[in-house]
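Data block below; observations after.
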Amino acid sequence: MKNIVFDIGNVLVKWSPQSIIAKVFNDGQNAEKMFLDIFKAPTWYDLNLGKITENEAIHIYNQQLGIPLHQAEEFMHEVKESLTPVEGSFELLDELEQAGFPIYSITDNVREIISFLKTKYTFIDKFRGMAVSAELGVLKPDEKIYRYLLEQYNLCPEDSIFLDDILSNVEGARNVGMQGIHFTTAAACREDLKKMGVNV
């Protein structure tokens, strides 16, 4: 029996930072700069590494970028509300679980986002175990995050298939001996799983 290990962003729920920026700040001229200043800067990485809280990040954005507090709070709210289901992925996960495949997750993610997802959706309840960057202080594709899941839950890497929308993260899993699928759509993933002997 294969272990199926899901990424979350753009595998189970949609993740579009550019759309979040456009909706919250509504200034096309500065959209790219805001994207870089927020999502490609230390504060966002520190959030994902668990070094700071969401509330601390809000105040950093206010102090360092001059974003009004109410808008920084709106931004964090929209980050979570934007996480809507990827077409067909919840159904795929459910079918895999019902077929008896053990389900796990490795995700670069923020503590408050994980808490939000637990309250809004049921898919996290289906994971037998998780490796979350904010809890471990390490991001994909660092081998440590994959090894944590394998060792913590006594999984054989060769019998574990990792699904991620970012190819370098898939390669990270392969580097520790796991099988990997570069996720594009749930339908394509289903076909790739079948080729690996996972039929749902």
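By order in the structure tokens, chains are A, B, ...; within a chain, residues start at 1; ligands start at 1, following the order shown.
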
Can you list, as a PDB file with N, CA, C and O atoms, in the first residue's frame, every protein, DNA or RNA residue that comes within 12 Å of A:Asp142 when you count only C-alpha atoms, leaving out same-chain residues fewer than 6 positions away?
ATOM      1  N   ILE A 106       3.027  17.383   3.540  1.00  0.00           N
ATOM      2  CA  ILE A 106       4.211  18.211   3.770  1.00  0.00           C
ATOM      3  C   ILE A 106       3.887  19.575   3.176  1.00  0.00           C
ATOM      4  O   ILE A 106       3.595  19.674   1.979  1.00  0.00           O
ATOM      5  N   THR A 107       3.929  20.628   3.996  1.00  0.00           N
ATOM      6  CA  THR A 107       3.519  21.940   3.513  1.00  0.00           C
ATOM      7  C   THR A 107       4.364  23.061   4.089  1.00  0.00           C
ATOM      8  O   THR A 107       4.674  23.063   5.282  1.00  0.00           O
ATOM      9  N   ASP A 108       4.766  23.985   3.226  1.00  0.00           N
ATOM     10  CA  ASP A 108       5.320  25.257   3.688  1.00  0.00           C
ATOM     11  C   ASP A 108       4.121  26.116   4.054  1.00  0.00           C
ATOM     12  O   ASP A 108       3.360  26.527   3.176  1.00  0.00           O
ATOM     13  N   SER A 133       6.078  23.604   7.831  1.00  0.00           N
ATOM     14  CA  SER A 133       7.305  24.394   7.926  1.00  0.00           C
ATOM     15  C   SER A 133       7.353  25.262   9.182  1.00  0.00           C
ATOM     16  O   SER A 133       8.393  25.365   9.842  1.00  0.00           O
ATOM     17  N   LEU A 136       8.400  23.292  12.130  1.00  0.00           N
ATOM     18  CA  LEU A 136       9.721  22.658  12.066  1.00  0.00           C
ATOM     19  C   LEU A 136      10.851  23.640  11.802  1.00  0.00           C
ATOM     20  O   LEU A 136      12.024  23.299  11.981  1.00  0.00           O
ATOM     21  N   TYR A 148      11.669  14.419   8.204  1.00  0.00           N
ATOM     22  CA  TYR A 148      10.868  14.495   9.428  1.00  0.00           C
ATOM     23  C   TYR A 148       9.615  13.644   9.281  1.00  0.00           C
ATOM     24  O   TYR A 148       9.288  12.843  10.166  1.00  0.00           O
ATOM     25  N   SER A 168      10.692  21.823  -8.016  1.00  0.00           N
ATOM     26  CA  SER A 168      11.857  21.709  -7.142  1.00  0.00           C
ATOM     27  C   SER A 168      11.497  21.024  -5.828  1.00  0.00           C
ATOM     28  O   SER A 168      12.328  20.318  -5.233  1.00  0.00           O
ATOM     29  N   ASN A 169      10.258  21.198  -5.375  1.00  0.00           N
ATOM     30  CA  ASN A 169       9.820  20.520  -4.157  1.00  0.00           C
ATOM     31  C   ASN A 169       9.634  19.020  -4.393  1.00  0.00           C
ATOM     32  O   ASN A 169       9.901  18.205  -3.507  1.00  0.00           O
ATOM     33  N   VAL A 170       9.171  18.676  -5.586  1.00  0.00           N
ATOM     34  CA  VAL A 170       9.062  17.267  -5.959  1.00  0.00           C
ATOM     35  C   VAL A 170      10.453  16.637  -6.017  1.00  0.00           C
ATOM     36  O   VAL A 170      10.671  15.522  -5.525  1.00  0.00           O
ATOM     37  N   GLU A 171      11.405  17.372  -6.584  1.00  0.00           N
ATOM     38  CA  GLU A 171      12.782  16.871  -6.653  1.00  0.00           C
ATOM     39  C   GLU A 171      13.356  16.691  -5.252  1.00  0.00           C
ATOM     40  O   GLU A 171      14.120  15.758  -5.000  1.00  0.00           O
ATOM     41  N   GLY A 172      13.000  17.588  -4.334  1.00  0.00           N
ATOM     42  CA  GLY A 172      13.450  17.450  -2.954  1.00  0.00           C
ATOM     43  C   GLY A 172      12.991  16.135  -2.347  1.00  0.00           C
ATOM     44  O   GLY A 172      13.749  15.473  -1.620  1.00  0.00           O
ATOM     45  N   ALA A 173      11.743  15.761  -2.638  1.00  0.00           N
ATOM     46  CA  ALA A 173      11.223  14.486  -2.145  1.00  0.00           C
ATOM     47  C   ALA A 173      11.963  13.314  -2.788  1.00  0.00           C
ATOM     48  O   ALA A 173      12.312  12.333  -2.121  1.00  0.00           O
ATOM     49  N   ARG A 174      12.197  13.420  -4.079  1.00  0.00           N
ATOM     50  CA  ARG A 174      12.919  12.338  -4.767  1.00  0.00           C
ATOM     51  C   ARG A 174      14.332  12.182  -4.237  1.00  0.00           C
ATOM     52  O   ARG A 174      14.877  11.073  -4.203  1.00  0.00           O
ATOM     53  N   ASN A 175      14.918  13.275  -3.790  1.00  0.00           N
ATOM     54  CA  ASN A 175      16.285  13.225  -3.265  1.00  0.00           C
ATOM     55  C   ASN A 175      16.404  12.418  -1.975  1.00  0.00           C
ATOM     56  O   ASN A 175      17.499  11.989  -1.618  1.00  0.00           O
ATOM     57  N   VAL A 176      15.290  12.234  -1.279  1.00  0.00           N
ATOM     58  CA  VAL A 176      15.322  11.405  -0.068  1.00  0.00           C
ATOM     59  C   VAL A 176      14.721  10.025  -0.328  1.00  0.00           C
ATOM     60  O   VAL A 176      14.465   9.270   0.612  1.00  0.00           O
TER      61      VAL A 176
END

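Of the residues in stretch 105-179 of chain A, those that DSSP places in strand (DSSP E or B) on the basis of the backbone are Ser105, Ile106, Thr107, Gly129, Met130, Ala131, Val132, Ser160, Ile161, Phe162, Leu163, Asp164 and Gln179 of chain A.
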
(message) List as number ranges by chain the protein and nucleic acid residues near stretch 15-23 of chain A, meaning an atom at most 9 Å away when only C-alpha atoms are counted, but skip any in the same chain fewer than 6 places from it.
(response) A: 8-9, 31-32, 34-35, 39, 75, 78-79, 82-84

(request) Skip A:Glu81 itself and residues of its chain fewer than 5 positions away, then list as number ranges by chain all residues within 10 Å of it, counting only C-alpha atoms. (result) A: 20, 75-76, 113, 116-117, 120

(message) Could you list, as a PyMOL selection string, every residue within 10 Å of stretch 150-162 of chain A, counting only C-alpha atoms and ignoring same-chain residues fewer than 3 positions away?
(response) chain A and resi 1-7+102-106+128-131+144-147+169-174+176-183+193+196+198

(message) I need the residues of stretch 10-161 of chain A that end up classed as helix (DSSP H, G or I) by DSSP on the backbone, written out as a ChimeraX atom specification.
(response) /A:17-25,28-39,42-48,54-65,69-81,89-98,111-120,123-126,133-136,143-152,157-159

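Atom CA of A:Lys51 is positioned 16.2 Å from atom CA of A:Lys140.
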
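For the residues A:Val110, A:Ile124, A:Leu69, A:Leu149, ranking by smallest atom-to-atom distance to A:Glu54 using only C-alpha atoms places A:Val110 first.
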
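Of note, atom CA of A:Ile166 and atom CA of A:His77 are spaced 24.8 Å apart.
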
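With only C-alpha atoms as the atoms that count, the minimum distance from A:Phe25 to the choices A:Ile52, A:Asp46, A:Gln71, A:Leu96 is reached by A:Gln71.
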
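Atom to atom, atom CA of A:Asn10 and atom CA of A:Tyr121 stand 15.2 Å apart.
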
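Near A:Glu87, within a cut-off of 12 Å and counting only C-alpha atoms, sit the residues Asn10, Val11, Leu12, Val13, Lys14, Leu93, Thr184, Thr185, Ala186, Ala187, Ala188 and Cys189 of chain A, with same-chain residues fewer than 6 positions away left out.
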
Atoms to include: all heavy atoms. Write the selected residues as a PDB file, in the first residue's frame.
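Once everything was written out, this is selection_2.pdb:
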ATOM      1  N   ASN A  10      -2.097  25.119  -3.936  1.00  0.00           N
ATOM      2  CA  ASN A  10      -2.205  24.807  -5.360  1.00  0.00           C
ATOM      3  C   ASN A  10      -2.202  23.313  -5.647  1.00  0.00           C
ATOM      4  O   ASN A  10      -1.991  22.894  -6.789  1.00  0.00           O
ATOM      5  CB  ASN A  10      -1.131  25.522  -6.187  1.00  0.00           C
ATOM      6  CG  ASN A  10      -1.504  26.965  -6.457  1.00  0.00           C
ATOM      7  OD1 ASN A  10      -2.676  27.327  -6.441  1.00  0.00           O
ATOM      8  ND2 ASN A  10      -0.509  27.812  -6.681  1.00  0.00           N
ATOM      9  N   VAL A  11      -2.470  22.522  -4.601  1.00  0.00           N
ATOM     10  CA  VAL A  11      -2.738  21.093  -4.768  1.00  0.00           C
ATOM     11  C   VAL A  11      -4.125  20.797  -4.201  1.00  0.00           C
ATOM     12  O   VAL A  11      -4.969  20.226  -4.879  1.00  0.00           O
ATOM     13  CB  VAL A  11      -1.656  20.223  -4.099  1.00  0.00           C
ATOM     14  CG1 VAL A  11      -2.043  18.737  -4.168  1.00  0.00           C
ATOM     15  CG2 VAL A  11      -0.303  20.441  -4.769  1.00  0.00           C
ATOM     16  N   LEU A  12      -4.373  21.246  -2.976  1.00  0.00           N
ATOM     17  CA  LEU A  12      -5.690  21.073  -2.368  1.00  0.00           C
ATOM     18  C   LEU A  12      -6.493  22.372  -2.354  1.00  0.00           C
ATOM     19  O   LEU A  12      -7.699  22.363  -2.616  1.00  0.00           O
ATOM     20  CB  LEU A  12      -5.545  20.532  -0.949  1.00  0.00           C
ATOM     21  CG  LEU A  12      -5.080  19.068  -0.879  1.00  0.00           C
ATOM     22  CD1 LEU A  12      -4.671  18.698   0.537  1.00  0.00           C
ATOM     23  CD2 LEU A  12      -6.175  18.130  -1.372  1.00  0.00           C
ATOM     24  N   VAL A  13      -5.829  23.483  -2.035  1.00  0.00           N
ATOM     25  CA  VAL A  13      -6.500  24.787  -2.097  1.00  0.00           C
ATOM     26  C   VAL A  13      -5.691  25.739  -2.971  1.00  0.00           C
ATOM     27  O   VAL A  13      -4.465  25.638  -3.050  1.00  0.00           O
ATOM     28  CB  VAL A  13      -6.707  25.409  -0.687  1.00  0.00           C
ATOM     29  CG1 VAL A  13      -7.686  24.581   0.123  1.00  0.00           C
ATOM     30  CG2 VAL A  13      -5.380  25.558   0.047  1.00  0.00           C
ATOM     31  N   LYS A  14      -6.395  26.643  -3.625  1.00  0.00           N
ATOM     32  CA  LYS A  14      -5.745  27.578  -4.539  1.00  0.00           C
ATOM     33  C   LYS A  14      -4.866  28.559  -3.770  1.00  0.00           C
ATOM     34  O   LYS A  14      -5.209  28.999  -2.674  1.00  0.00           O
ATOM     35  CB  LYS A  14      -6.803  28.338  -5.351  1.00  0.00           C
ATOM     36  CG  LYS A  14      -7.635  27.445  -6.248  1.00  0.00           C
ATOM     37  CD  LYS A  14      -8.767  28.221  -6.917  1.00  0.00           C
ATOM     38  CE  LYS A  14      -9.658  27.286  -7.727  1.00  0.00           C
ATOM     39  NZ  LYS A  14     -10.824  27.999  -8.304  1.00  0.00           N
ATOM     40  N   LEU A  93      -8.608  13.208  -2.849  1.00  0.00           N
ATOM     41  CA  LEU A  93      -8.131  12.859  -1.513  1.00  0.00           C
ATOM     42  C   LEU A  93      -9.123  11.923  -0.822  1.00  0.00           C
ATOM     43  O   LEU A  93      -8.725  10.916  -0.216  1.00  0.00           O
ATOM     44  CB  LEU A  93      -7.913  14.124  -0.687  1.00  0.00           C
ATOM     45  CG  LEU A  93      -7.264  13.961   0.695  1.00  0.00           C
ATOM     46  CD1 LEU A  93      -6.508  15.237   1.081  1.00  0.00           C
ATOM     47  CD2 LEU A  93      -8.286  13.650   1.773  1.00  0.00           C
ATOM     48  N   THR A 184      -0.391  19.268 -11.545  1.00  0.00           N
ATOM     49  CA  THR A 184      -0.936  20.353 -12.375  1.00  0.00           C
ATOM     50  C   THR A 184      -2.446  20.449 -12.194  1.00  0.00           C
ATOM     51  O   THR A 184      -2.974  21.518 -11.901  1.00  0.00           O
ATOM     52  CB  THR A 184      -0.588  20.139 -13.857  1.00  0.00           C
ATOM     53  OG1 THR A 184      -0.998  18.812 -14.264  1.00  0.00           O
ATOM     54  CG2 THR A 184       0.919  20.296 -14.093  1.00  0.00           C
ATOM     55  N   THR A 185      -3.127  19.318 -12.351  1.00  0.00           N
ATOM     56  CA  THR A 185      -4.565  19.251 -12.103  1.00  0.00           C
ATOM     57  C   THR A 185      -4.869  17.930 -11.408  1.00  0.00           C
ATOM     58  O   THR A 185      -4.075  16.980 -11.474  1.00  0.00           O
ATOM     59  CB  THR A 185      -5.387  19.290 -13.410  1.00  0.00           C
ATOM     60  OG1 THR A 185      -5.121  18.097 -14.164  1.00  0.00           O
ATOM     61  CG2 THR A 185      -5.047  20.523 -14.242  1.00  0.00           C
ATOM     62  N   ALA A 186      -6.022  17.867 -10.754  1.00  0.00           N
ATOM     63  CA  ALA A 186      -6.413  16.628 -10.083  1.00  0.00           C
ATOM     64  C   ALA A 186      -6.586  15.495 -11.086  1.00  0.00           C
ATOM     65  O   ALA A 186      -6.222  14.349 -10.811  1.00  0.00           O
ATOM     66  CB  ALA A 186      -7.700  16.853  -9.293  1.00  0.00           C
ATOM     67  N   ALA A 187      -7.125  15.822 -12.257  1.00  0.00           N
ATOM     68  CA  ALA A 187      -7.336  14.791 -13.282  1.00  0.00           C
ATOM     69  C   ALA A 187      -6.006  14.209 -13.761  1.00  0.00           C
ATOM     70  O   ALA A 187      -5.857  12.992 -13.893  1.00  0.00           O
ATOM     71  CB  ALA A 187      -8.117  15.376 -14.458  1.00  0.00           C
ATOM     72  N   ALA A 188      -5.035  15.085 -14.019  1.00  0.00           N
ATOM     73  CA  ALA A 188      -3.718  14.618 -14.457  1.00  0.00           C
ATOM     74  C   ALA A 188      -3.037  13.831 -13.347  1.00  0.00           C
ATOM     75  O   ALA A 188      -2.370  12.821 -13.600  1.00  0.00           O
ATOM     76  CB  ALA A 188      -2.858  15.803 -14.881  1.00  0.00           C
ATOM     77  N   CYS A 189      -3.199  14.276 -12.117  1.00  0.00           N
ATOM     78  CA  CYS A 189      -2.601  13.592 -10.973  1.00  0.00           C
ATOM     79  C   CYS A 189      -3.177  12.186 -10.831  1.00  0.00           C
ATOM     80  O   CYS A 189      -2.447  11.230 -10.539  1.00  0.00           O
ATOM     81  CB  CYS A 189      -2.838  14.400  -9.705  1.00  0.00           C
ATOM     82  SG  CYS A 189      -2.084  13.698  -8.234  1.00  0.00           S
TER      83      CYS A 189
END

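Neighbouring residues of A:Arg111 at 8 Å or closer, counting only C-alpha atoms and skipping chain neighbours under 3 positions away, are Asn48, Gly50, Thr53, Ile114, Ser115, Ala134 and Glu135 of chain A.
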
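Minimum distance to A:Glu91 across A:Phe123, A:Asp37, A:Asn30, A:Lys195 (counting only C-alpha atoms) occurs at A:Phe123.
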